[in-house]
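Student: Take this structure first; my questions come after.
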Amino acid sequence: MVRTYEVVFVAVPTLTNEELDAFVAQMQGVVEGRAGKVVRIDSWGKKSLAYRIDKHREGYYVILTLEADGAIIAELERRFRVTDSIIRFLSVRMDEDLKRSEKLKAARRRKTARSAASKAAAAAGEAQEATP
Amino acid sequence: MATFKRFSVRRRRVCKFCAEKITYIDYKDGKLLGYFIPERGKIIPRRISGVCSTHQRQLSTAIKRARHLAILPFVSD
C-alpha cells in the first residue's frame with residue numbers, strides 16, 4: 001500500500017556536511033531499494049532547538065517526502081533509533097490530510113465559480129429584458 | 001465599564017485559519033504556530049484566540065508535533 005509520508009529527522013550539530021549528506025544518501029538508498037520513491041528532500045540546515053536535547057542546542061533538520069509503504073517507514077525509524085547522531089525524528093502520513101485539503105480547496109473553487117456564473121447570468125437576463 | 005474594556009481587548013474574531021483559507025496547518029511552520037503560544041509556552045484557548053473547533057484541533061496536533069521536533073518549546077520562561 002503506497003502512501004505519502006513526510007519524515008523529519010534532526011541530526012546532531014557536530015556532524016560534518018559530508019557525513020550528513022552520506023546519511024541522507026543512505027536513507028534514500030533504503031527507500032529506493034524497497035521500491036519506494038523519494039519525492040523531495042528538504043534541508044533546513046543548522047537550526048537552533050527550542051530546548052536542549054542531550055546537551056545540544058542546535059540541530060540539522062532534514063525533511064524527506066516519500067511515496068512508500070509502512071514497512072519502509074518502519075525500517076527508516078529503526079535506523080534512526082540505532083544511529084546515535086539522530087536526536088529526533090517524526091514520520092507523518094500525509095495522503096489523507098492532503099486529500100482533505102484538496103477537497104476543501106476544490107469546494108471553495110466551485111463555490112466561487114458558481115457565484116460568478118449566477119452573477120453573470122443575472123446580468124445577461126437584465127440585458128435581455130432591456131432590449132425589447 | 002471594566003467589562004467593556006476587557007471585551008474590547010479580548011474581542012472574539014473570526015478564525016484566523018478560516019479567514020486566510022488555510023486547509024492544512026503545517027507543523028513545520030514555527031512562525032505561524034508561535035502566534036498561538038504565549039511566553040509561557042501554553043496553547044492559547046479557543047475562547048481567546050477565536051479559532052474554530054476544526055482548526056483548533058488541527059492546530060493543537062501541529063503544535064504537539066512541532067514540540068517533539070524542538071521547533072517549539074514545551075515550557076519557556
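Residue numbers start at 1 in each chain; chains themselves are named A, B, ... in the order of the C-alpha cells; ligands are numbered from 1 in the order shown.
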I want to know what sits within 12 Å of A:Ser85, based on only C-alpha atoms, with residues of the same chain fewer than 3 positions away left out; could you give that as a PyMOL selection string?

Tutor: chain A and resi 9-16+19-20+23+53-54+56+59-60+79-82+88-89

Student: Taking the DSSP assignment computed from this structure's backbone, write out as a ChimeraX atom specification all residues of chain A that belong to strand (DSSP E or B).

Tutor: /A:3-11,37-53,56-68,86-93

Student: Write out as a list in words the residues lying within 10 Å of B:Ile71, counting only C-alpha atoms and excluding same-chain residues fewer than 5 positions away.

Tutor: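 Within the cut-off, the hits are Lys47, Ser48, Leu49, Ala50, Tyr51 and Tyr61 of chain A; Tyr27, Lys28, Asp29, Gly30, Lys31, Leu33, Gly34, Ile63, Lys64, Arg65 and Ala66 of chain B.
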
Student: Contacts of B:Glu20 at 12 Å or less, counting only C-alpha atoms, minus same-chain residues fewer than 6 places along, as an NGL selection string?

Tutor: :B and (14 or 32 or 51 or 55)

Student: Pull out every residue of chain B that has at least one atom within 9 Å of chain A, counting only C-alpha atoms, and report them as an MDAnalysis selection string.

Tutor: chainID B and resid 21:24 65 67:76

Student: Can I get the selected residues back with all heavy atoms, as a compact mmCIF listing (two decimals), in the first residue's frame?

Tutor:
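Listing of part38.txt after writing:
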# COMPACT_ATOMS: atom_id res chain seq x y z
N LYS B 21 -7.97 31.04 4.66
CA LYS B 21 -8.23 29.87 3.81
C LYS B 21 -7.10 28.84 3.88
O LYS B 21 -6.63 28.31 2.87
CB LYS B 21 -8.46 30.30 2.37
CG LYS B 21 -9.69 31.18 2.20
CD LYS B 21 -9.95 31.44 0.73
CE LYS B 21 -11.32 32.01 0.45
NZ LYS B 21 -11.61 33.26 1.14
N ILE B 22 -6.63 28.58 5.10
CA ILE B 22 -5.61 27.57 5.30
C ILE B 22 -6.31 26.23 5.53
O ILE B 22 -7.12 26.10 6.45
CB ILE B 22 -4.70 27.93 6.49
CG1 ILE B 22 -3.94 29.22 6.20
CG2 ILE B 22 -3.75 26.78 6.81
CD1 ILE B 22 -3.17 29.79 7.35
N THR B 23 -6.04 25.26 4.66
CA THR B 23 -6.74 23.98 4.78
C THR B 23 -5.89 22.94 5.50
O THR B 23 -6.42 21.93 5.95
CB THR B 23 -7.14 23.45 3.40
OG1 THR B 23 -6.02 23.58 2.52
CG2 THR B 23 -8.29 24.23 2.83
N TYR B 24 -4.60 23.17 5.60
CA TYR B 24 -3.77 22.24 6.34
C TYR B 24 -2.77 23.03 7.18
O TYR B 24 -2.05 23.87 6.66
CB TYR B 24 -3.03 21.30 5.37
CG TYR B 24 -2.00 20.42 6.06
CD1 TYR B 24 -2.42 19.38 6.87
CD2 TYR B 24 -0.64 20.67 5.93
CE1 TYR B 24 -1.50 18.58 7.53
CE2 TYR B 24 0.29 19.88 6.58
CZ TYR B 24 -0.15 18.84 7.38
OH TYR B 24 0.76 18.06 8.04
N ARG B 65 3.35 18.22 17.50
CA ARG B 65 4.38 17.66 16.62
C ARG B 65 5.59 18.56 16.60
O ARG B 65 6.74 18.09 16.65
CB ARG B 65 3.83 17.52 15.20
CG ARG B 65 2.92 16.33 15.04
CD ARG B 65 2.30 16.33 13.66
NE ARG B 65 1.42 15.19 13.49
CZ ARG B 65 0.56 15.07 12.49
NH1 ARG B 65 0.48 16.01 11.58
NH2 ARG B 65 -0.20 14.01 12.40
N ARG B 67 6.59 20.57 18.89
CA ARG B 67 7.29 20.48 20.17
C ARG B 67 8.22 19.28 20.20
O ARG B 67 9.33 19.36 20.70
CB ARG B 67 6.29 20.36 21.31
CG ARG B 67 5.70 21.68 21.73
CD ARG B 67 4.70 21.43 22.80
NE ARG B 67 4.07 22.66 23.26
CZ ARG B 67 2.95 22.68 23.95
NH1 ARG B 67 2.32 21.55 24.22
NH2 ARG B 67 2.45 23.82 24.35
N HIS B 68 7.75 18.18 19.67
CA HIS B 68 8.57 16.97 19.65
C HIS B 68 9.86 17.20 18.88
O HIS B 68 10.93 16.71 19.24
CB HIS B 68 7.78 15.81 19.05
CG HIS B 68 8.58 14.56 18.88
ND1 HIS B 68 8.97 13.78 19.94
CD2 HIS B 68 9.11 13.98 17.78
CE1 HIS B 68 9.70 12.77 19.49
NE2 HIS B 68 9.79 12.86 18.19
N LEU B 69 9.76 17.97 17.79
CA LEU B 69 10.93 18.22 16.95
C LEU B 69 11.75 19.42 17.41
O LEU B 69 12.64 19.88 16.70
CB LEU B 69 10.49 18.44 15.50
CG LEU B 69 9.96 17.21 14.78
CD1 LEU B 69 9.31 17.59 13.47
CD2 LEU B 69 11.07 16.21 14.53
N ALA B 70 11.42 19.95 18.58
CA ALA B 70 12.13 21.10 19.15
C ALA B 70 12.03 22.34 18.27
O ALA B 70 12.91 23.19 18.26
CB ALA B 70 13.60 20.77 19.45
N ILE B 71 10.95 22.45 17.49
CA ILE B 71 10.69 23.67 16.74
C ILE B 71 10.02 24.69 17.69
O ILE B 71 10.26 25.88 17.60
CB ILE B 71 9.79 23.39 15.51
CG1 ILE B 71 10.52 22.45 14.54
CG2 ILE B 71 9.40 24.67 14.80
CD1 ILE B 71 9.66 21.91 13.43
N LEU B 72 9.20 24.16 18.60
CA LEU B 72 8.55 24.99 19.60
C LEU B 72 8.91 24.45 20.99
O LEU B 72 9.17 23.26 21.13
CB LEU B 72 7.02 24.95 19.44
CG LEU B 72 6.40 25.59 18.22
CD1 LEU B 72 4.91 25.39 18.24
CD2 LEU B 72 6.72 27.06 18.15
N PRO B 73 8.91 25.30 22.00
CA PRO B 73 9.23 24.82 23.35
C PRO B 73 8.03 24.17 24.04
O PRO B 73 6.89 24.47 23.72
CB PRO B 73 9.63 26.10 24.07
CG PRO B 73 8.86 27.18 23.38
CD PRO B 73 8.71 26.75 21.96
N PHE B 74 8.31 23.27 24.97
CA PHE B 74 7.26 22.73 25.84
C PHE B 74 6.93 23.76 26.90
O PHE B 74 5.78 24.07 27.14
CB PHE B 74 7.72 21.43 26.51
CG PHE B 74 7.64 20.23 25.61
CD1 PHE B 74 8.74 19.76 24.96
CD2 PHE B 74 6.43 19.57 25.45
CE1 PHE B 74 8.66 18.66 24.14
CE2 PHE B 74 6.34 18.46 24.63
CZ PHE B 74 7.46 18.00 23.97
N VAL B 75 7.97 24.25 27.54
CA VAL B 75 7.81 25.33 28.51
C VAL B 75 8.91 26.34 28.23
O VAL B 75 9.99 25.99 27.74
CB VAL B 75 7.96 24.87 29.97
CG1 VAL B 75 6.71 24.19 30.46
CG2 VAL B 75 9.17 24.00 30.14
N SER B 76 8.63 27.59 28.51
CA SER B 76 9.68 28.58 28.38
C SER B 76 9.37 29.73 29.31
O SER B 76 8.25 30.21 29.36
CB SER B 76 9.77 29.08 26.94
OG SER B 76 8.54 29.64 26.56

Student: Please compute the atom CA of A:Gln26-atom CA of A:Trp44 distance, one decimal, in Å.

Tutor: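 For atom CA of A:Gln26 relative to atom CA of A:Trp44, the distance reads 18.5 Å.
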
Student: Write down as a short mmCIF file (atom, residue, chain, number, x, y, z; two decimals) with C-alpha atoms, in the first residue's frame the residues of chain A whose backbone DSSP state falls under alpha helix (DSSP H).

Tutor:
data_model
loop_
_atom_site.label_atom_id
_atom_site.label_comp_id
_atom_site.auth_asym_id
_atom_site.auth_seq_id
_atom_site.Cartn_x
_atom_site.Cartn_y
_atom_site.Cartn_z
CA ASN A 17 28.15 18.31 5.95
CA GLU A 18 29.68 15.29 4.20
CA GLU A 19 28.58 12.93 6.96
CA LEU A 20 25.06 14.33 6.82
CA ASP A 21 24.92 14.03 3.03
CA ALA A 22 26.17 10.47 3.28
CA PHE A 23 23.48 9.63 5.81
CA VAL A 24 20.74 11.19 3.69
CA ALA A 25 22.01 9.28 0.64
CA GLN A 26 22.00 6.08 2.70
CA MET A 27 18.37 6.66 3.75
CA GLN A 28 17.47 7.40 0.14
CA GLY A 29 19.06 4.08 -0.78
CA VAL A 30 16.95 2.32 1.85
CA VAL A 31 13.75 3.77 0.41
CA GLU A 32 14.62 3.17 -3.23
CA GLY A 33 15.94 -0.31 -2.53
CA GLY A 70 4.59 1.19 6.13
CA ALA A 71 7.44 -1.35 6.05
CA ILE A 72 9.81 1.24 4.62
CA ILE A 73 8.87 3.74 7.31
CA ALA A 74 9.43 1.09 9.98
CA GLU A 75 12.89 0.36 8.56
CA LEU A 76 13.78 4.06 8.43
CA GLU A 77 12.67 4.55 12.02
CA ARG A 78 14.69 1.54 13.12
CA ARG A 79 17.76 3.06 11.51
CA PHE A 80 17.10 6.43 13.14
CA ARG A 81 16.92 4.70 16.51
CA VAL A 82 20.23 2.86 16.14
CA ASP A 95 -2.09 11.45 1.97
CA GLU A 96 -5.36 11.78 3.91
CA ASP A 97 -4.62 15.32 5.05
CA LEU A 98 -3.60 16.31 1.53
CA LYS A 99 -6.76 14.74 0.13
CA ARG A 100 -8.90 16.61 2.63
CA SER A 101 -7.08 19.85 1.88
CA GLU A 102 -7.55 19.39 -1.88
CA LYS A 103 -11.22 18.61 -1.38
CA LEU A 104 -11.78 21.80 0.60
CA LYS A 105 -9.91 23.84 -1.99
CA ALA A 106 -11.94 22.31 -4.83
CA ALA A 107 -15.20 23.00 -2.99
CA ARG A 108 -14.16 26.61 -2.50
CA ARG A 109 -13.26 26.95 -6.19
CA ARG A 110 -16.64 25.51 -7.20
CA LYS A 111 -18.42 27.91 -4.91
CA THR A 112 -16.67 30.99 -6.28
CA ALA A 113 -17.21 29.75 -9.86
CA ARG A 114 -20.91 29.21 -9.17
CA SER A 115 -21.45 32.62 -7.63
CA ALA A 116 -19.60 34.25 -10.53
CA ALA A 117 -21.72 32.31 -13.03
CA SER A 118 -25.00 33.22 -11.35
CA LYS A 119 -23.97 36.86 -11.27
CA ALA A 120 -23.13 36.74 -14.98
CA ALA A 121 -26.45 35.04 -15.72
CA ALA A 122 -28.34 37.68 -13.77
CA ALA A 123 -26.56 40.43 -15.67
CA ALA A 124 -27.31 38.73 -19.01
CA GLY A 125 -31.00 38.34 -18.05
CA GLU A 126 -31.28 42.01 -17.23
CA ALA A 127 -29.67 42.96 -20.54
CA GLN A 128 -32.16 40.75 -22.42
CA GLU A 129 -35.13 42.32 -20.67
CA ALA A 130 -33.87 45.75 -21.55
#

Student: Show which residues sit within 8 Å of B:Ser49, as a PyMOL selection string. Count only C-alpha atoms, and ignore same-chain residues fewer than 5 positions away.

Tutor: chain B and resi 12-13+15+36+44

Student: Between atom CA of B:Cys18 and atom CA of B:Gln58, what distance in Å does the model show, to one decimal?

Tutor: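 Atom CA of B:Gln58 lies 12.3 Å from atom CA of B:Cys18.
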
Student: By how many Å are atom CA of A:Arg34 and atom CA of A:Asp69 apart?

Tutor: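 Distance reported for this atom pair: 9.2 Å.
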